[in-house]
Amino acid sequence: MTDGKTKTYGLLGNPVEHTLSPAIHNTLAEMLGINMTYLPFLVDKDRVGEAVRGAYALHMPGLNVTVPYKSEVIPYLAETDPVARRIGAVNTLVRTDGGYKGYNTDMPGLYRAMKSDGVKIEGERVIVLGAGGAARAVAALLEEKGAEEILILNRTLERAEGIAEDINAFAGKKMAKALPLDAAGRLPERKYLAIQTTNVGLHPRDEDVLITDEAFYRCVHTGYDLIFNPVRTGFMRLVEEHGGKAYNGLKMLLYQGIIAFELWNALQIPEKTACRVYETLLTLSGGTEEARECGI
Ligand code: ATR
């Protein structure tokens with residue numbers, strides 16, 4: 001029950017009405033008996049600074065930040081964690097003396113999701129589809145976790161080139177390469193892990209796919225789509241139809257929330273608890289089948 005000691009957390013974004021984050025945090029709080037509540041806050045364009053200052057003035061211990069403010073929020077923070085700085089995006093704020101400290105839990109969230117799904121990065125040849133903010137974070141994770149090669153495919157080649165250059169400079173070797181989308185059908189007959197970071201295929205355009213060329217899907221042993229609505233995207237369907245394994249972004253969403261919750265409350269969430277929250281998310285997002293094989 002909400003009382004005088006309830007701590008308020010929330011999400012800053014625009015839009016926010018379809019967010020699953022309140023379900024993650026309020027379920028965790030209830031399961032762990034923590035007196036907190038988590039609410040969505042719609043923030044108008046150009047008012048992110050005011051929102052952050054207002055939240056601080058209201059003694060809010062932590063916030064999440066979502067699209068389109070993950071980069072825009074950075075100047076309003078007292079400090080930014082090195083991982084968040086590297087990828088230029090913050091999705092979690094933790095209250096400190098003098099202001100909020102910004103973190104990025106999307107990247108470690110994806111890593112924990114992949115580990116839970118048994119998807120390995122080290123030594124893998126990986127294709128990143130897209131070159132937006134999400135792709136930049138994914139590419140940094142792949143470099144950090146020892147991918148052998150990163151191919152970044154994007155409609156606008158210059159954006160892919162920008163990410164590849166940054167990765168290569170950071171790694172001190174040429175491991176990332178930018179390619180246009182039509183290169184997807186001309187890949188060498190090798191097996192790749194492919195991570196789909198664009199919003200192509202997002203509900204309501206469930207059947208849209210970034211790449212239609214079947215030759216591409218024959219080269220993919222595992223496909224990871226960051227989209228979780230629908231729970232099975234067109235990309236996932238095509239990967240599976242060509243014999244690969246496919247995963248959606250729901251576990252990444254789960255773990256980015258869990259890592260934020262861990263930062264706010266200075267604790268570790270047991271995997272059993274994570275699994276229960278995942279089942280809640282699956283029910284809310286319309287998928288129930290996979291709940292049985294949660295396997296976390
Ligand atoms: P995010 O921060 O979520 O990654 P973003 O920065 O807007 O979002 O990036 C969106 C990505 O989806 C980009 O790679 C974009 O390609 P461009 O760089 O060419 O714009 C890609 N994308 C979105 N809609 C697309 C479409 N219809 N066809 C091809 N690529 C698309």
# chains A, B, ... in the order shown; residues from 1 in each chain; ligands from 1

$ closest_atom_pairs --of "chain A" --to "ligand 1" --cutoff "7 Å" --atoms "only C-alpha atoms and all ligand atoms" --output "tab-separated table"
residue	atom	partner	partner_atom_place_in_ligand_line	distance
A:Gly130	CA	ligand 1	14 (O)	3.4
A:Ala131	CA	ligand 1	14 (O)	3.9
A:Gly132	CA	ligand 1	6 (O)	3.2
A:Gly133	CA	ligand 1	2 (O)	3.5
A:Ala134	CA	ligand 1	4 (O)	3.8
A:Ala135	CA	ligand 1	4 (O)	5.7
A:Asn154	CA	ligand 1	14 (O)	5.5
A:Arg155	CA	ligand 1	19 (O)	3.9
A:Thr156	CA	ligand 1	19 (O)	3.8
A:Arg159	CA	ligand 1	18 (O)	5.9
A:Thr197	CA	ligand 1	4 (O)	6.1
A:Thr198	CA	ligand 1	12 (O)	3.7
A:Asn199	CA	ligand 1	12 (O)	5.4
A:Val200	CA	ligand 1	24 (N)	5.5
A:Leu210	CA	ligand 1	29 (C)	5.8

$ select_by_dssp --residues "stretch 208-244 of chain A" --states "alpha helix (DSSP H)" --output "PyMOL selection string"
chain A and resi 214-218+234-241

$ write_last_selection --atoms "C-alpha atoms" --output "PDB file, in the first residue's frame"
ATOM      1  CA  GLU A 214      16.461 -15.511 -48.584  1.00  0.00           C
ATOM      2  CA  ALA A 215      20.205 -15.907 -49.208  1.00  0.00           C
ATOM      3  CA  PHE A 216      20.796 -13.773 -46.126  1.00  0.00           C
ATOM      4  CA  TYR A 217      18.767 -16.021 -43.823  1.00  0.00           C
ATOM      5  CA  ARG A 218      20.687 -19.092 -44.966  1.00  0.00           C
ATOM      6  CA  GLY A 234       8.921 -11.432 -39.482  1.00  0.00           C
ATOM      7  CA  PHE A 235      12.701 -11.476 -39.038  1.00  0.00           C
ATOM      8  CA  MET A 236      12.427 -14.229 -36.420  1.00  0.00           C
ATOM      9  CA  ARG A 237      10.084 -16.238 -38.625  1.00  0.00           C
ATOM     10  CA  LEU A 238      12.481 -16.066 -41.592  1.00  0.00           C
ATOM     11  CA  VAL A 239      15.477 -17.050 -39.454  1.00  0.00           C
ATOM     12  CA  GLU A 240      13.569 -20.046 -38.122  1.00  0.00           C
ATOM     13  CA  GLU A 241      12.300 -21.041 -41.556  1.00  0.00           C
TER      14      GLU A 241
END

$ select_by_dssp --residues "stretch 10-257 of chain A" --states "strand (DSSP E)" --output "PyMOL selection string"
chain A and resi 10-13+36-42+62-65+79-80+92-96+99-103+125-129+149-154+176-180+192-196+220-225+245-247

$ closest_residue --among "A:Thr222, A:Ser21, A:Thr212, A:Thr37" --to "A:Thr8" --atoms "only C-alpha atoms"
A:Thr37

$ closest_residue --among "A:Leu253, A:Val16, A:Ala164, A:Ala183" --to "A:Arg112" --atoms "only C-alpha atoms"
A:Leu253

$ residues_around --residues "A:Ala147" --least-positions-apart "5" --cutoff "6 Å" --atoms "only C-alpha atoms" --output "PDB file with N, CA and C atoms, in the first residue's frame"
ATOM      1  N   ILE A 121      28.678 -14.707 -27.702  1.00  0.00           N
ATOM      2  CA  ILE A 121      29.237 -13.617 -28.520  1.00  0.00           C
ATOM      3  C   ILE A 121      30.710 -13.881 -28.843  1.00  0.00           C
ATOM      4  N   GLU A 122      31.428 -14.363 -27.847  1.00  0.00           N
ATOM      5  CA  GLU A 122      32.876 -14.533 -28.008  1.00  0.00           C
ATOM      6  C   GLU A 122      33.221 -15.416 -29.213  1.00  0.00           C
ATOM      7  N   GLY A 123      34.092 -14.879 -30.064  1.00  0.00           N
ATOM      8  CA  GLY A 123      34.545 -15.644 -31.223  1.00  0.00           C
ATOM      9  C   GLY A 123      33.548 -15.698 -32.368  1.00  0.00           C
ATOM     10  N   GLU A 124      32.392 -15.047 -32.219  1.00  0.00           N
ATOM     11  CA  GLU A 124      31.351 -15.111 -33.255  1.00  0.00           C
ATOM     12  C   GLU A 124      31.542 -14.041 -34.326  1.00  0.00           C
ATOM     13  N   LEU A 142      29.260  -6.092 -28.467  1.00  0.00           N
ATOM     14  CA  LEU A 142      29.896  -7.174 -29.233  1.00  0.00           C
ATOM     15  C   LEU A 142      31.413  -7.046 -29.201  1.00  0.00           C
TER      16      LEU A 142
END

$ residues_around --residues "A:Leu193" --least-positions-apart "3" --cutoff "7 Å" --atoms "only C-alpha atoms" --output "VMD selection string"
chain A and resid 124 to 127 220 to 223

$ write_last_selection --atoms "C-alpha atoms" --output "PDB file, in the first residue's frame"
ATOM      1  CA  GLU A 124      31.351 -15.111 -33.255  1.00  0.00           C
ATOM      2  CA  ARG A 125      30.966 -13.378 -36.581  1.00  0.00           C
ATOM      3  CA  VAL A 126      28.053 -11.024 -36.025  1.00  0.00           C
ATOM      4  CA  ILE A 127      25.776  -9.011 -38.271  1.00  0.00           C
ATOM      5  CA  VAL A 220      22.225 -16.898 -40.016  1.00  0.00           C
ATOM      6  CA  HIS A 221      22.531 -19.545 -37.299  1.00  0.00           C
ATOM      7  CA  THR A 222      20.914 -17.323 -34.626  1.00  0.00           C
ATOM      8  CA  GLY A 223      18.731 -14.249 -34.986  1.00  0.00           C
TER       9      GLY A 223
END

$ closest_residue --among "A:His25, A:Arg276, A:Lys45, A:His242" --to "A:Gln256" --atoms "only C-alpha atoms"
A:His25

$ closest_residue --among "A:Ile24, A:Glu262, A:Ala178, A:Gly99" --to "A:Leu284" --atoms "only C-alpha atoms"
A:Ile24

$ closest_residue --among "A:Lys272, A:Lys191, A:Arg232, A:Lys145" --to "A:His203" --atoms "only C-alpha atoms"
A:Arg232

$ residues_around --residues "A:Met60" --least-positions-apart "3" --cutoff "7 Å" --atoms "only C-alpha atoms" --output "list in words"
Lys7, Thr8, Tyr9, Ala55 and Tyr56 of chain A

$ closest_residue --among "A:Gly257, A:Gly4, A:Pro108, A:Gly162" --to "A:Ile269" --atoms "only C-alpha atoms"
A:Gly257

$ residues_around --residues "A:Asp44" --least-positions-apart "2" --cutoff "12 Å" --atoms "only C-alpha atoms" --output "ChimeraX atom specification"
/A:12-16,41-42,46-51,67-69

$ atom_distance --atom1 "atom CA of A:Ala89" --atom2 "atom CA of A:Val209"
25.9 Å

$ residues_around --residues "A:Tyr100" --least-positions-apart "4" --cutoff "7 Å" --atoms "only C-alpha atoms" --output "PyMOL selection string"
chain A and resi 77-79+93-96

$ decode --residues "stretch 187-209 of chain A" --atoms "N, CA, C and O atoms" --output "tab-separated table (two decimals), in the first residue's frame"
chain	number	residue	atom	x	y	z
A	187	LEU	N	26.67	-12.36	-48.80
A	187	LEU	CA	27.60	-12.71	-47.72
A	187	LEU	C	28.28	-14.03	-48.06
A	187	LEU	O	27.70	-14.86	-48.74
A	188	PRO	N	29.52	-14.21	-47.55
A	188	PRO	CA	30.13	-15.52	-47.76
A	188	PRO	C	29.30	-16.59	-47.04
A	188	PRO	O	28.59	-16.28	-46.08
A	189	GLU	N	29.34	-17.79	-47.52
A	189	GLU	CA	28.52	-18.87	-46.94
A	189	GLU	C	28.99	-19.26	-45.54
A	189	GLU	O	29.39	-20.39	-45.30
A	190	ARG	N	28.98	-18.31	-44.65
A	190	ARG	CA	29.39	-18.59	-43.28
A	190	ARG	C	28.17	-18.48	-42.40
A	190	ARG	O	27.14	-17.96	-42.80
A	191	LYS	N	28.31	-18.91	-41.18
A	191	LYS	CA	27.18	-18.78	-40.26
A	191	LYS	C	27.40	-17.62	-39.31
A	191	LYS	O	28.46	-17.48	-38.70
A	192	TYR	N	26.40	-16.78	-39.23
A	192	TYR	CA	26.48	-15.57	-38.42
A	192	TYR	C	25.41	-15.55	-37.32
A	192	TYR	O	24.33	-16.12	-37.48
A	193	LEU	N	25.74	-14.81	-36.27
A	193	LEU	CA	24.74	-14.36	-35.32
A	193	LEU	C	24.26	-13.02	-35.88
A	193	LEU	O	25.09	-12.19	-36.23
A	194	ALA	N	22.95	-12.83	-36.03
A	194	ALA	CA	22.43	-11.56	-36.57
A	194	ALA	C	21.55	-10.88	-35.53
A	194	ALA	O	20.65	-11.52	-34.95
A	195	ILE	N	21.82	-9.60	-35.28
A	195	ILE	CA	21.03	-8.85	-34.30
A	195	ILE	C	20.28	-7.73	-35.02
A	195	ILE	O	20.90	-6.87	-35.66
A	196	GLN	N	18.98	-7.77	-34.95
A	196	GLN	CA	18.10	-6.86	-35.66
A	196	GLN	C	17.77	-5.69	-34.73
A	196	GLN	O	17.05	-5.87	-33.74
A	197	THR	N	18.29	-4.50	-35.03
A	197	THR	CA	18.11	-3.37	-34.11
A	197	THR	C	17.18	-2.29	-34.65
A	197	THR	O	16.96	-1.29	-33.97
A	198	THR	N	16.66	-2.45	-35.87
A	198	THR	CA	15.81	-1.38	-36.41
A	198	THR	C	14.37	-1.56	-35.91
A	198	THR	O	14.04	-2.57	-35.29
A	199	ASN	N	13.54	-0.56	-36.21
A	199	ASN	CA	12.13	-0.70	-35.80
A	199	ASN	C	11.27	-1.29	-36.92
A	199	ASN	O	10.05	-1.27	-36.83
A	200	VAL	N	11.91	-1.83	-37.95
A	200	VAL	CA	11.14	-2.45	-39.04
A	200	VAL	C	10.60	-3.80	-38.54
A	200	VAL	O	11.36	-4.66	-38.11
A	201	GLY	N	9.26	-3.93	-38.58
A	201	GLY	CA	8.62	-5.15	-38.08
A	201	GLY	C	7.91	-4.93	-36.76
A	201	GLY	O	7.24	-5.83	-36.23
A	202	LEU	N	8.04	-3.70	-36.24
A	202	LEU	CA	7.37	-3.34	-34.99
A	202	LEU	C	5.86	-3.27	-35.23
A	202	LEU	O	5.43	-2.79	-36.28
A	203	HIS	N	5.07	-3.71	-34.25
A	203	HIS	CA	3.63	-3.63	-34.33
A	203	HIS	C	3.20	-2.18	-34.61
A	203	HIS	O	3.77	-1.28	-34.04
A	204	PRO	N	2.27	-1.88	-35.49
A	204	PRO	CA	1.33	-2.80	-36.13
A	204	PRO	C	1.83	-3.35	-37.47
A	204	PRO	O	1.07	-4.05	-38.14
A	205	ARG	N	3.08	-3.05	-37.87
A	205	ARG	CA	3.54	-3.55	-39.17
A	205	ARG	C	4.31	-4.86	-38.95
A	205	ARG	O	5.49	-4.98	-39.29
A	206	ASP	N	3.62	-5.82	-38.34
A	206	ASP	CA	4.22	-7.06	-37.85
A	206	ASP	C	4.99	-7.84	-38.91
A	206	ASP	O	5.96	-8.51	-38.59
A	207	GLU	N	4.53	-7.80	-40.14
A	207	GLU	CA	5.15	-8.66	-41.16
A	207	GLU	C	6.26	-7.97	-41.95
A	207	GLU	O	6.91	-8.59	-42.78
A	208	ASP	N	6.51	-6.70	-41.69
A	208	ASP	CA	7.60	-6.00	-42.40
A	208	ASP	C	8.94	-6.59	-41.98
A	208	ASP	O	9.15	-6.90	-40.81
A	209	VAL	N	9.84	-6.74	-42.94
A	209	VAL	CA	11.21	-7.17	-42.60
A	209	VAL	C	12.20	-6.26	-43.32
A	209	VAL	O	11.95	-5.81	-44.44
